[in-house]
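J.: protein29.tsv is reproduced below (TSV, C-alpha atoms).
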chain	number	residue	atom	x	y	z
N	1	THR	CA	-12.55	-8.42	-11.99
N	2	LEU	CA	-9.95	-8.25	-9.26
N	3	ILE	CA	-6.89	-7.56	-11.38
N	4	LYS	CA	-8.12	-6.46	-14.81
N	5	PRO	CA	-10.06	-3.25	-14.21
N	6	ASP	CA	-12.71	-1.73	-16.43
N	7	PRO	CA	-10.79	-0.11	-19.33
N	8	GLU	CA	-12.64	3.16	-18.68
N	9	VAL	CA	-11.46	3.36	-15.05
N	10	SER	CA	-8.07	4.81	-14.18
N	11	LEU	CA	-5.66	2.43	-12.46
N	12	ARG	CA	-4.85	3.96	-9.09
N	13	LEU	CA	-3.06	2.86	-5.99
N	14	ARG	CA	-2.01	4.35	-2.73
N	15	THR	CA	1.40	3.81	-1.18
N	16	ILE	CA	3.13	4.90	1.98
N	17	ALA	CA	5.90	7.49	2.19
N	18	ASP	CA	8.28	7.55	5.15
N	19	LEU	CA	7.97	11.05	6.62
N	20	ARG	CA	10.91	10.62	9.02
N	21	ARG	CA	13.11	12.11	6.29
N	22	TYR	CA	11.49	15.50	6.98
N	23	LEU	CA	12.50	15.52	10.67
N	24	PRO	CA	15.31	17.95	11.58
N	25	ALA	CA	17.84	15.11	11.96
N	26	GLY	CA	16.70	13.62	8.65
N	27	ARG	CA	15.67	10.37	10.29
N	28	GLY	CA	13.77	8.97	13.24
N	29	GLU	CA	14.04	5.88	15.34
N	30	ALA	CA	13.34	2.63	13.49
N	31	ILE	CA	10.22	1.98	15.56
N	32	CYS	CA	8.82	5.40	14.65
N	33	ASN	CA	5.73	5.12	12.46
N	34	LEU	CA	5.56	8.51	10.81
N	35	SER	CA	4.15	8.05	7.33
N	36	GLY	CA	1.87	9.66	4.80
N	37	PHE	CA	0.03	8.54	1.70
N	38	VAL	CA	1.11	8.95	-1.89
N	39	HIS	CA	-1.76	8.74	-4.37
N	40	LEU	CA	-0.75	7.38	-7.76
N	41	ASN	CA	-2.82	7.36	-10.95
N	42	ILE	CA	-1.33	5.70	-14.03
N	43	GLY	CA	-4.37	6.27	-16.23
N	44	THR	CA	-6.69	3.96	-18.10
N	45	ASP	CA	-3.99	2.23	-20.17
N	46	PRO	CA	-1.57	0.55	-17.77
N	47	GLY	CA	0.21	-1.33	-20.58
N	48	SER	CA	-0.33	-4.67	-22.20
N	49	ALA	CA	2.35	-6.52	-20.23
N	50	PHE	CA	3.26	-6.69	-16.56
N	51	HIS	CA	6.64	-5.08	-17.31
N	52	ASP	CA	4.95	-2.13	-19.07
N	53	THR	CA	2.75	-1.52	-16.02
N	54	CYS	CA	5.74	-1.71	-13.67
N	55	MET	CA	7.64	0.81	-15.81
N	56	ARG	CA	4.69	3.24	-15.78
N	57	VAL	CA	4.42	2.96	-11.99
N	58	ARG	CA	8.21	3.46	-11.67
N	59	ASP	CA	8.10	6.57	-13.88
N	60	LYS	CA	5.18	8.07	-11.94
N	61	MET	CA	6.90	7.32	-8.62
N	62	ASN	CA	10.10	9.01	-9.82
N	63	ILE	CA	8.06	12.17	-10.46
N	64	VAL	CA	6.53	11.92	-6.98
N	65	ARG	CA	9.95	11.36	-5.34
N	66	ALA	CA	11.27	14.53	-6.96
N	67	GLY	CA	8.85	16.53	-4.78
N	68	PHE	CA	7.72	16.01	-1.21
N	69	PRO	CA	6.08	12.57	-1.17
N	70	GLY	CA	3.54	11.92	1.55
N	71	LEU	CA	2.97	15.51	2.66
N	72	GLY	CA	-0.14	16.21	0.55
N	73	ASP	CA	-2.69	14.67	2.92
N	74	LEU	CA	-1.10	16.29	5.98
N	75	SER	CA	-1.73	19.81	4.75
N	76	LEU	CA	-5.36	18.92	3.96
N	77	ALA	CA	-5.76	17.33	7.40
N	78	ALA	CA	-4.30	20.45	9.05
N	79	ILE	CA	-6.90	22.61	7.31
N	80	VAL	CA	-9.77	20.28	8.20
N	81	PHE	CA	-8.77	20.00	11.87
N	82	LYS	CA	-8.25	23.75	12.13
N	83	TRP	CA	-11.87	24.45	11.21
N	84	PHE	CA	-13.70	21.37	12.53
N	85	PRO	CA	-13.63	19.60	15.88
N	86	PHE	CA	-12.13	16.09	15.72
N	87	PHE	CA	-15.46	14.24	16.12
N	88	LEU	CA	-17.01	16.20	13.24
N	89	ALA	CA	-13.97	15.76	10.96
N	90	ARG	CA	-13.98	12.01	11.70
N	91	LYS	CA	-17.71	11.79	10.93
N	92	GLN	CA	-17.16	13.59	7.61
N	93	PHE	CA	-14.21	11.30	6.77
N	94	ARG	CA	-16.32	8.18	7.45
N	95	PHE	CA	-19.13	9.57	5.29
N	96	LEU	CA	-16.68	10.20	2.44
N	97	LEU	CA	-15.25	6.67	2.78
N	98	ARG	CA	-18.71	5.06	2.62
N	99	ARG	CA	-19.51	7.10	-0.47
N	100	LEU	CA	-16.25	6.14	-2.18
N	101	ALA	CA	-16.71	2.48	-1.22
N	102	ARG	CA	-20.24	2.38	-2.70
N	103	ALA	CA	-18.81	3.81	-5.92
N	104	GLY	CA	-15.98	1.22	-5.89
N	105	ASN	CA	-13.49	4.08	-5.79
N	106	ILE	CA	-11.00	2.94	-3.12
N	107	PRO	CA	-7.57	2.06	-4.52
N	108	PRO	CA	-5.45	-0.54	-2.69
N	109	ILE	CA	-2.57	0.49	-0.43
N	110	LEU	CA	0.79	-0.94	-1.52
N	111	THR	CA	3.91	-0.78	0.61
N	112	ASN	CA	7.24	-2.00	-0.72
N	113	TRP	CA	9.64	-2.58	2.13
N	114	GLY	CA	12.24	-3.68	-0.38
N	115	PRO	CA	14.96	-6.12	0.54
N	116	ILE	CA	15.44	-7.25	4.12
N	117	LEU	CA	19.19	-7.67	4.42
N	118	PRO	CA	20.02	-10.86	6.39
N	119	GLU	CA	23.27	-9.33	7.65
N	120	ARG	CA	21.27	-6.62	9.44
N	121	ALA	CA	19.30	-9.25	11.37
N	122	ASP	CA	21.96	-10.39	13.83
N	123	PHE	CA	20.77	-13.18	16.11
N	124	GLY	CA	24.19	-14.53	17.08
N	125	ASP	CA	24.72	-18.07	15.77
N	126	ILE	CA	21.26	-18.22	14.18
N	127	THR	CA	21.21	-17.46	10.45
N	128	VAL	CA	18.12	-15.81	9.00
N	129	ALA	CA	16.80	-18.00	6.19
N	130	HIS	CA	13.51	-16.23	5.50
N	131	ALA	CA	11.79	-13.07	6.69
N	132	PHE	CA	8.96	-10.82	5.60
N	133	GLY	CA	7.32	-7.59	6.66
N	134	ALA	CA	3.99	-7.79	8.39
N	135	PRO	CA	1.61	-5.28	6.85
N	136	PRO	CA	-0.71	-3.12	8.88
N	137	THR	CA	-4.18	-4.52	9.42
N	138	VAL	CA	-6.63	-2.23	7.71
N	139	VAL	CA	-10.38	-2.13	7.93
N	140	PRO	CA	-12.59	-2.38	4.85
N	141	PRO	CA	-13.00	-0.83	2.39
N	142	PHE	CA	-9.19	-0.58	2.38
N	143	VAL	CA	-6.91	-3.38	1.19
N	144	SER	CA	-3.24	-3.24	2.13
N	145	LEU	CA	-0.48	-5.24	0.45
N	146	THR	CA	3.16	-5.36	1.55
N	147	VAL	CA	6.06	-6.54	-0.61
N	148	THR	CA	9.31	-7.68	0.99
N	149	SER	CA	12.23	-9.77	-0.16
N	150	VAL	CA	15.10	-11.74	1.36
N	151	ARG	CA	17.76	-13.02	-1.01
N	152	GLU	CA	15.82	-14.55	-3.91
N	153	THR	CA	12.43	-14.78	-2.18
N	154	LEU	CA	9.70	-12.21	-2.76
N	155	THR	CA	6.80	-12.18	-0.29
N	156	LEU	CA	3.47	-10.45	-0.81
N	157	SER	CA	1.36	-10.26	2.33
N	158	THR	CA	-1.78	-8.53	3.51
N	159	GLY	CA	-3.31	-7.65	6.85
N	160	PHE	CA	-7.08	-8.03	7.17
N	161	LEU	CA	-9.78	-8.62	9.74
N	162	GLU	CA	-11.35	-12.07	9.36
N	163	ASN	CA	-14.63	-10.84	10.80
N	164	ALA	CA	-14.77	-8.19	8.04
N	165	ILE	CA	-13.58	-10.19	5.00
N	166	ALA	CA	-13.46	-13.94	4.46
N	167	ARG	CA	-10.03	-15.58	4.27
N	168	PRO	CA	-10.91	-17.38	0.97
N	169	LYS	CA	-11.55	-13.99	-0.67
N	170	VAL	CA	-8.14	-12.73	0.43
N	171	GLU	CA	-6.45	-15.93	-0.74
N	172	HIS	CA	-8.23	-15.64	-4.10
N	173	PHE	CA	-7.08	-12.02	-4.39
N	174	LEU	CA	-3.44	-12.97	-3.69
N	175	ASP	CA	-3.68	-15.88	-6.14
N	176	ARG	CA	-4.93	-13.48	-8.83
N	177	ILE	CA	-1.98	-11.16	-8.18
N	178	GLU	CA	0.40	-14.11	-8.43
N	179	GLU	CA	-1.16	-15.01	-11.81
N	180	GLU	CA	-0.22	-11.52	-13.03
N	181	LEU	CA	3.44	-11.84	-12.05
N	182	PRO	CA	5.95	-13.08	-14.61
N	183	LYS	CA	6.35	-16.83	-14.20
N	184	SER	CA	10.09	-16.47	-13.53
N	185	ALA	CA	9.21	-14.43	-10.42
N	186	CYS	CA	6.88	-17.12	-9.03
N	187	GLY	CA	8.27	-20.19	-7.36
N	188	GLU	CA	6.63	-22.20	-4.64
N	189	HIS	CA	4.41	-20.19	-2.33
N	190	ASP	CA	2.80	-20.58	1.05
N	191	ALA	CA	-0.96	-20.38	1.35
Represent the structure of the file as structure tokens.
T.:
Amino acid sequence: TLIKPDPEVSLRLRTIADLRRYLPAGRGEAICNLSGFVHLNIGTDPGSAFHDTCMRVRDKMNIVRAGFPGLGDLSLAAIVFKWFPFFLARKQFRFLLRRLARAGNIPPILTNWGPILPERADFGDITVAHAFGAPPTVVPPFVSLTVTSVRETLTLSTGFLENAIARPKVEHFLDRIEEELPKSACGEHDA
């Protein structure tokens, strides 16, 4: 199923790490998109309740944050591009993706922008009532989800190509995720 995986399959996800922290100044311009992947595996027993799963993810992420999150893929890419021309490395990457997709072995990408602070969105006399982060549009077999919040509103959004995946499938997927959230976290939602 979409949310309840096979109990023999490890629950994995991929998230984004902001790599601007590694720049000499410790930060980059806000528009700078310098990021890397963090691969997370919480095993075959995620927990019996949503809270248990969240706590396992939190604990694993704390271990990742203690190191150098997001740099793992960059060192691998540097090695690949040192020995192979770009067109050949890209061909190999696409082959690997097709193989993983056939095996159903592509974890979703989750980005948590965290709270969007209304006081940081200064539009003069206009007060920000609601905002959310627009996720990157990814091509299949990837699925990307972005979580943002403003005040008491949590928004989960996804970017997808309608010519690659049908909108009803995406809506069904988001509905299934909403079913997994604690009822106190779910109010009215937009389709």
J.: Here's a test: counting all atoms listed in the file, identify every protein, DNA and RNA residue with an atom at most 7 Å from (-7.8, -0.6, -0.4) in the file's coordinate frame, and state them as a list in words.
T.: Ile106, Pro107, Pro108, Ile109, Pro141, Phe142, Val143 and Ser144 of chain N
J.: Which polymer residues have any atom within 8 Å of an atom of stretch 66-81 of chain N, counting only C-alpha atoms, with same-chain residues fewer than 6 positions away left out, as a list in words?
T.: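 Contacts, in chain order: Ile16, Ala17, Asp18, Leu19, Ser35, Gly36, Phe37, Val38 and Ala89 of chain N.
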J.: Provide the atom CA of N:Ser157 to atom CA of N:Pro135 distance in Å, to one decimal place.
T.: 6.7 Å
J.: Mind giving me the straight-line distance from atom CA of N:His130 to atom CA of N:Val150 in Å, one decimal?
T.: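 One can read the atom CA of N:His130 to atom CA of N:Val150 distance as 6.3 Å.
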J.: Nearest residue to N:Leu117 out of N:Leu13, N:Ile165, N:Ala129, N:Leu181, using only C-alpha atoms?
T.: N:Ala129
J.: Please compute the atom CA of N:Thr158-atom CA of N:Val170 distance, one decimal, in Å.
T.: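 A separation of 8.2 Å between them.
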J.: Between N:Phe50, N:Leu40, N:Ala25, N:Leu11, which is the closest to N:Glu179 once you count all atoms listed in the file?
T.: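 Counting all atoms listed in the file, the residue closest to N:Glu179 is N:Phe50.
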J.: So for stretch 167-182 of chain N, what box centre and size do we get, axis-aligned, 5 Å extra on each of the six sides, every listed atom, Å to one decimal, as lines of an AutoDock Vina configuration file?
T.:
center_x = -2.8
center_y = -14.3
center_z = -5.2
size_x = 27.5
size_y = 16.2
size_z = 28.9
